[in-house]
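Asker: Dropping a structure here in structure tokens format, bear with me for questions.
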Amino acid sequence: MTISAEVAQGAAPDDDDPESLDLRDDISFELEEVNEVLGELIALRADQKAKDGDLLTARLGVGGEKPETLARIGARYDLSRDRVRQLHTKAVGQMIRMAQLSGHRAAAVLSARYPLDAMDRQLTRALLVETYATDTDIAATELSYLKLRLAGHAAEDAKRIAGFVTQRIAAWQKKTNRRLAKLHDAEPRATSQLNTWLGQVDWPHAGAAAAIPTSSARTVDSDDDGRGRFYLDKVGRDVPFDSGLEARLLRILNAGDLVETFLEQPAAVVYELDGAERVHYPSIVARLTDGRTVLIDVTPLGHVGFHVNVVKSAAARAYAHANGWGWLVWTGSRVGVPDLRARPVDAAGERMLRDLVERGPVHWAALREVRAKTGLELLDFLALVLRHEWRWDRAPFRLSAPPSPPPGK
């Protein structure tokens, strides 16, 4: 069932526990179109004020990377967290006014997904599921408010519902804490899930595993109040996390009897994107009871094909193998990256999309036509992107062929 269908049918807000969800059920082209619209508006705002565009992109994560905490953004610009929040709030307000005055298509797209006549609990649940499916808990309040305002909801209504979303995320965290007191009950399920994931690990060909670091490499925002945290007995301390997806993985690692110990954000991996050097902090490194070590990065299923995430994944994989560790992208679903690469796709849809890519960059309108003619689903699209090594940029959407290798290669 799609999120829109759930909203229409009034799904109960008590059945949105993230641990009961598989992300493959809650990703869709319709959700991608929402992010496409947000990205388009941010680009328009950036044309007027570049710093606003950078701030909105970093905080909301609509370009494909995870939202950043206010502390990390503040460190980049030498600003306090409160000042970053003020600047972000102002930029959002200006972007909303711009969209309303220009008659931007955002109103039509978002009002269909977040209807003006929907009940609070229906909108809250839809936004909660989207938050979990996109791993955007840190910016859930801002994203929920922005989506509702662009859909045409009054400011006070949007603020109230965004507050409900934040409250439910806090309730997830408390529920996780309660479950941690019942580790015995969780062990069989956790071990079963780990067995499945271990079959997807990309192990190095040879070499002894390096020791796990003793402390996290991510320090700028380690105490940011936007991050959750809970006590995990396997490591004997409070462990911070950014999202319900990360919390779920941590709980499974803590409960599974195949895992000896683990550490969050163990390394700062440098990678290059379009000529600019960046730093990525892979989510977790875990040492297994059989002596092997695996580096795990949380990337939601619908995001594994974004170019920025493909580049980050390649850099983190190289780092893991250089240390004698395995490499795993954890998608929050039973479907992993190897499953996507092997996924069968309708030949007609693949041929049509491949022909378009060969002729030049494909934009959102052209992809919409392919979907209308072939019924292409988002998982099919992800499979083709990974299999053909196409470059998928998000916000605004752009699909292109990989660059040709240099002569003689």
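Identifiers in the structure tokens: chain A, B, ... in order shown; residue index from 1 per chain; ligand index from 1 in order shown.
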Using only C-alpha atoms, determine which residues lie at most 7 Å from Thr293 in chain A, disregarding the query and same-chain residues fewer than 4 positions distant; provide the list as a PDB file with N, CA, C and O atoms, in the first residue's frame.

Answerer:
```
ATOM      1  N   ALA A 209      42.515  -8.703   9.672  1.00  0.00           N
ATOM      2  CA  ALA A 209      41.654  -7.572   9.999  1.00  0.00           C
ATOM      3  C   ALA A 209      42.331  -6.642  10.991  1.00  0.00           C
ATOM      4  O   ALA A 209      42.865  -7.083  12.013  1.00  0.00           O
ATOM      5  N   ALA A 286      31.703  -3.531  13.105  1.00  0.00           N
ATOM      6  CA  ALA A 286      31.358  -4.595  14.051  1.00  0.00           C
ATOM      7  C   ALA A 286      32.358  -5.739  13.952  1.00  0.00           C
ATOM      8  O   ALA A 286      32.695  -6.182  12.832  1.00  0.00           O
ATOM      9  N   ARG A 287      32.834  -6.200  15.095  1.00  0.00           N
ATOM     10  CA  ARG A 287      33.681  -7.378  15.124  1.00  0.00           C
ATOM     11  C   ARG A 287      32.817  -8.584  15.485  1.00  0.00           C
ATOM     12  O   ARG A 287      32.103  -8.582  16.493  1.00  0.00           O
ATOM     13  N   LEU A 288      32.872  -9.598  14.646  1.00  0.00           N
ATOM     14  CA  LEU A 288      32.060 -10.790  14.835  1.00  0.00           C
ATOM     15  C   LEU A 288      32.763 -11.775  15.762  1.00  0.00           C
ATOM     16  O   LEU A 288      33.979 -11.700  15.976  1.00  0.00           O
ATOM     17  N   TRP A 325      38.669  -5.627   6.431  1.00  0.00           N
ATOM     18  CA  TRP A 325      37.291  -5.722   6.881  1.00  0.00           C
ATOM     19  C   TRP A 325      36.358  -5.996   5.706  1.00  0.00           C
ATOM     20  O   TRP A 325      36.634  -5.627   4.566  1.00  0.00           O
ATOM     21  N   GLY A 326      35.231  -6.613   6.013  1.00  0.00           N
ATOM     22  CA  GLY A 326      34.178  -6.728   5.022  1.00  0.00           C
ATOM     23  C   GLY A 326      33.425  -5.411   4.892  1.00  0.00           C
ATOM     24  O   GLY A 326      33.584  -4.497   5.708  1.00  0.00           O
TER      25      GLY A 326
END
```

Asker: Excluding Ala43 in chain A and its own-chain neighbours fewer than 3 positions away, which residues fall within 10 Å of it when counting only C-alpha atoms? Please give them as a PyMOL selection string.

Answerer: chain A and resi 37-40+46-50+52-54+56-57+395-396

Asker: Give me, as a PyMOL selection string, all polymer residues having an atom no more than 8 Å from range 271-279 of chain A, counting only C-alpha atoms and skipping those fewer than 4 positions away in the same chain.

Answerer: chain A and resi 308+311-312+315

Asker: Mind writing the picked residues with all heavy atoms as a short mmCIF file (atom, residue, chain, number, x, y, z; two decimals), in the first residue's frame?

Answerer:
```cif
data_model
loop_
_atom_site.label_atom_id
_atom_site.label_comp_id
_atom_site.auth_asym_id
_atom_site.auth_seq_id
_atom_site.Cartn_x
_atom_site.Cartn_y
_atom_site.Cartn_z
N VAL A 308 26.00 10.36 -5.36
CA VAL A 308 26.81 10.71 -4.20
C VAL A 308 26.97 9.51 -3.28
O VAL A 308 28.06 9.28 -2.72
CB VAL A 308 26.21 11.91 -3.45
CG1 VAL A 308 24.81 11.60 -2.92
CG2 VAL A 308 27.12 12.34 -2.30
N VAL A 311 29.41 6.92 -4.86
CA VAL A 311 30.80 7.35 -4.71
C VAL A 311 31.27 7.14 -3.27
O VAL A 311 32.38 6.64 -3.02
CB VAL A 311 30.94 8.83 -5.12
CG1 VAL A 311 32.35 9.34 -4.80
CG2 VAL A 311 30.65 9.00 -6.60
N LYS A 312 30.44 7.52 -2.30
CA LYS A 312 30.81 7.32 -0.90
C LYS A 312 30.99 5.83 -0.58
O LYS A 312 31.92 5.45 0.13
CB LYS A 312 29.73 7.90 0.02
CG LYS A 312 29.74 9.40 0.11
CD LYS A 312 28.92 9.92 1.27
CE LYS A 312 27.47 9.59 1.15
NZ LYS A 312 26.66 10.28 2.19
N ALA A 315 34.33 4.52 -1.84
CA ALA A 315 35.45 4.95 -1.01
C ALA A 315 35.48 4.19 0.32
O ALA A 315 36.55 3.78 0.79
CB ALA A 315 35.35 6.46 -0.75
#
```

Asker: Assign secondary structure with DSSP using the backbone only, and return the residues of range 48-121 of chain A in alpha helix (DSSP H) as an NGL selection string.

Answerer: :A and (48 or 50-60 or 70-77 or 81-102 or 106-113 or 120-121)

Asker: Could you name the residues that touch Tyr281 in chain A at 7 Å or less, counting only C-alpha atoms, but leaving out those on the same chain fewer than 5 positions away, as a ChimeraX atom specification?

Answerer: /A:218,265,267-269

Asker: What gap, in Å, lies between CA of Leu386 in chain A and CA of Val304 in chain A?

Answerer: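 Separation of CA of Leu386 in chain A and CA of Val304 in chain A: 8.6 Å.
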
Asker: Restrict the calculation to only C-alpha atoms, then for each residue of range 61-112 of chain A with any atom at most 12 Å from an atom of range 22-30 of chain A give the closest atom pair and their distance in Å to one decimal, rows by chain and rising residue number, as a tab-separated table.

Answerer:
```
residue	atom	partner	partner_atom	distance
A:Val109	CA	A:Glu30	CA	9.0
A:Leu110	CA	A:Glu30	CA	9.8
A:Ala112	CA	A:Glu30	CA	10.1
```

Asker: List the spatial neighbours of range 252-254 of chain A as number ranges by chain - criterion: any atom at most 7 Å away, only C-alpha atoms, same-chain residues fewer than 3 positions off excluded.

Answerer: A: 190, 232, 234, 248-249, 259

Asker: Which of these, A:Thr299, A:Val220, A:Arg168, A:Arg359, has the shortest distance to Gly74 in chain A once you count only C-alpha atoms?

Answerer: A:Val220

Asker: Find the spatial neighbours of Tyr132 in chain A, counting only C-alpha atoms, within a cut-off of 12 Å - ignore same-chain residues fewer than 4 positions away - and output them as a ChimeraX atom specification.

Answerer: /A:16-27,66,125-128,136-140,165,168-169,172,242-248,299-302,331-333

Asker: Take the residues from that selection and put them in a file with N, CA, C and O atoms, as a short mmCIF file (atom, residue, chain, number, x, y, z; two decimals), in the first residue's frame.

Answerer:
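Writing the result to result-v2.cif gives the following:
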```
data_model
loop_
_atom_site.label_atom_id
_atom_site.label_comp_id
_atom_site.auth_asym_id
_atom_site.auth_seq_id
_atom_site.Cartn_x
_atom_site.Cartn_y
_atom_site.Cartn_z
N ASP A 16 2.98 2.28 13.23
CA ASP A 16 4.09 2.81 12.46
C ASP A 16 5.43 2.58 13.16
O ASP A 16 6.36 3.36 12.97
N ASP A 17 5.55 1.57 13.97
CA ASP A 17 6.80 1.23 14.61
C ASP A 17 7.82 0.90 13.52
O ASP A 17 7.61 -0.01 12.72
N PRO A 18 8.96 1.61 13.46
CA PRO A 18 9.92 1.37 12.39
C PRO A 18 10.45 -0.04 12.34
O PRO A 18 10.82 -0.53 11.27
N GLU A 19 10.48 -0.73 13.48
CA GLU A 19 11.03 -2.09 13.46
C GLU A 19 10.11 -3.07 12.75
O GLU A 19 10.49 -4.18 12.44
N SER A 20 8.86 -2.66 12.49
CA SER A 20 7.94 -3.55 11.79
C SER A 20 7.88 -3.24 10.30
O SER A 20 7.14 -3.89 9.56
N LEU A 21 8.66 -2.24 9.84
CA LEU A 21 8.60 -1.81 8.46
C LEU A 21 9.75 -2.37 7.64
O LEU A 21 10.86 -2.52 8.13
N ASP A 22 9.48 -2.67 6.39
CA ASP A 22 10.52 -2.98 5.42
C ASP A 22 10.49 -1.86 4.39
O ASP A 22 9.45 -1.60 3.79
N LEU A 23 11.61 -1.20 4.18
CA LEU A 23 11.61 0.01 3.36
C LEU A 23 11.14 -0.22 1.93
O LEU A 23 10.69 0.72 1.26
N ARG A 24 11.21 -1.44 1.45
CA ARG A 24 10.76 -1.69 0.08
C ARG A 24 9.26 -1.39 -0.07
O ARG A 24 8.79 -1.11 -1.18
N ASP A 25 8.51 -1.43 1.03
CA ASP A 25 7.07 -1.18 0.97
C ASP A 25 6.72 0.30 0.96
O ASP A 25 5.57 0.66 0.69
N ASP A 26 7.68 1.16 1.25
CA ASP A 26 7.36 2.58 1.44
C ASP A 26 8.23 3.52 0.62
O ASP A 26 8.34 4.69 0.93
N ILE A 27 8.85 3.01 -0.44
CA ILE A 27 9.56 3.89 -1.37
C ILE A 27 8.81 3.86 -2.69
O ILE A 27 8.21 2.86 -3.06
N LYS A 66 22.39 12.45 3.70
CA LYS A 66 21.58 12.56 4.91
C LYS A 66 21.58 14.01 5.40
O LYS A 66 22.54 14.74 5.21
N ARG A 125 1.11 10.09 10.27
CA ARG A 125 1.64 8.77 9.94
C ARG A 125 2.34 8.78 8.58
O ARG A 125 3.40 8.18 8.41
N ALA A 126 1.76 9.45 7.60
CA ALA A 126 2.39 9.51 6.28
C ALA A 126 3.78 10.14 6.38
O ALA A 126 4.75 9.63 5.80
N LEU A 127 3.89 11.21 7.13
CA LEU A 127 5.18 11.89 7.27
C LEU A 127 6.17 11.06 8.08
O LEU A 127 7.38 11.06 7.81
N LEU A 128 5.67 10.32 9.07
CA LEU A 128 6.54 9.43 9.84
C LEU A 128 7.14 8.33 8.97
O LEU A 128 8.34 8.04 9.04
N THR A 136 15.68 10.52 7.55
CA THR A 136 15.82 11.96 7.73
C THR A 136 15.28 12.43 9.09
O THR A 136 14.78 13.54 9.22
N ASP A 137 15.42 11.60 10.12
CA ASP A 137 14.87 11.94 11.44
C ASP A 137 15.38 13.27 11.97
O ASP A 137 14.63 14.03 12.61
N ILE A 138 16.66 13.57 11.76
CA ILE A 138 17.24 14.78 12.32
C ILE A 138 16.53 16.03 11.82
O ILE A 138 16.40 17.03 12.54
N ALA A 139 16.06 16.00 10.58
CA ALA A 139 15.37 17.16 10.00
C ALA A 139 13.88 16.92 9.84
O ALA A 139 13.22 17.60 9.06
N ALA A 140 13.33 15.97 10.60
CA ALA A 140 11.93 15.59 10.42
C ALA A 140 10.98 16.76 10.66
O ALA A 140 10.00 16.94 9.93
N VAL A 165 4.89 14.68 14.60
CA VAL A 165 5.91 13.81 14.00
C VAL A 165 7.11 13.70 14.93
O VAL A 165 7.62 12.60 15.20
N ARG A 168 6.35 11.54 17.93
CA ARG A 168 6.32 10.10 17.63
C ARG A 168 7.72 9.53 17.47
O ARG A 168 7.98 8.39 17.84
N ILE A 169 8.64 10.33 16.91
CA ILE A 169 10.02 9.87 16.80
C ILE A 169 10.62 9.69 18.19
O ILE A 169 11.31 8.70 18.47
N TRP A 172 9.43 6.45 19.50
CA TRP A 172 10.18 5.32 18.95
C TRP A 172 11.42 5.07 19.80
O TRP A 172 11.74 3.95 20.14
N ASP A 242 21.45 8.82 14.67
CA ASP A 242 20.79 9.91 13.95
C ASP A 242 19.36 9.61 13.56
O ASP A 242 18.60 10.53 13.24
N SER A 243 18.99 8.33 13.52
CA SER A 243 17.69 8.00 12.94
C SER A 243 17.18 6.67 13.47
O SER A 243 17.90 5.89 14.09
N GLY A 244 15.89 6.42 13.17
CA GLY A 244 15.29 5.15 13.52
C GLY A 244 15.97 3.99 12.82
O GLY A 244 16.06 2.88 13.37
N LEU A 245 16.45 4.21 11.61
CA LEU A 245 17.16 3.14 10.89
C LEU A 245 18.44 2.77 11.63
O LEU A 245 18.73 1.58 11.84
N GLU A 246 19.23 3.78 12.02
CA GLU A 246 20.46 3.49 12.75
C GLU A 246 20.16 2.82 14.09
O GLU A 246 20.87 1.90 14.50
N ALA A 247 19.13 3.30 14.77
CA ALA A 247 18.77 2.71 16.06
C ALA A 247 18.40 1.24 15.89
O ALA A 247 18.77 0.40 16.72
N ARG A 248 17.68 0.92 14.85
CA ARG A 248 17.29 -0.47 14.61
C ARG A 248 18.51 -1.35 14.38
O ARG A 248 18.61 -2.45 14.94
N THR A 299 22.32 3.10 4.53
CA THR A 299 21.84 3.88 3.39
C THR A 299 20.46 3.34 3.04
O THR A 299 20.34 2.18 2.66
N PRO A 300 19.41 4.13 3.21
CA PRO A 300 18.06 3.61 2.95
C PRO A 300 17.92 3.08 1.53
O PRO A 300 18.54 3.59 0.59
N LEU A 301 17.11 2.05 1.39
CA LEU A 301 16.98 1.32 0.13
C LEU A 301 16.77 2.25 -1.07
O LEU A 301 17.40 2.08 -2.11
N GLY A 302 15.89 3.23 -0.93
CA GLY A 302 15.59 4.10 -2.05
C GLY A 302 16.71 5.04 -2.44
O GLY A 302 16.62 5.71 -3.46
N THR A 331 20.38 -1.52 4.10
CA THR A 331 19.35 -0.72 3.44
C THR A 331 18.07 -0.55 4.24
O THR A 331 17.16 0.16 3.81
N GLY A 332 17.96 -1.20 5.40
CA GLY A 332 16.71 -1.17 6.14
C GLY A 332 15.65 -2.07 5.54
O GLY A 332 14.46 -1.94 5.85
N SER A 333 16.08 -2.97 4.68
CA SER A 333 15.15 -3.86 3.99
C SER A 333 15.79 -5.24 3.84
O SER A 333 17.01 -5.39 3.93
#
```

Asker: Using backbone DSSP assignments, extract all strand (DSSP E or B) residues from range 217-389 of chain A; output them as a PyMOL selection string.

Answerer: chain A and resi 228-232+237-241+259-264+269-273+276-280+284-288+293-298+306+326-330+362

Asker: From the options A:Thr374, A:Leu328, A:Arg59, A:Glu36, which residue's atoms come nearest to Arg398 in chain A, counting only C-alpha atoms?

Answerer: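 So, comparing all the options, the nearest one is A:Glu36.
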
Asker: Tell me, as number ranges by chain, which residues lie within 8 Å of range 356-358 of chain A, counting only C-alpha atoms; anything in the same chain fewer than 3 positions away does not count.

Answerer: A: 352-353, 361-362, 399-401

Asker: For Gly226 in chain A, which residue among A:Arg351, A:Arg371, A:His153, A:Arg85 is the nearest when counting only C-alpha atoms?

Answerer: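 When distances to Gly226 in chain A are compared using only C-alpha atoms, the smallest one comes from A:Arg85.
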
Asker: Restricting the calculation to only C-alpha atoms: of A:Asn35, A:Asp238, A:Ala342, A:Asp221, which residue gets closest to Arg72 in chain A?

Answerer: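 Between A:Asn35, A:Asp238, A:Ala342, A:Asp221, the residue approaching Arg72 in chain A most closely is A:Asp221.
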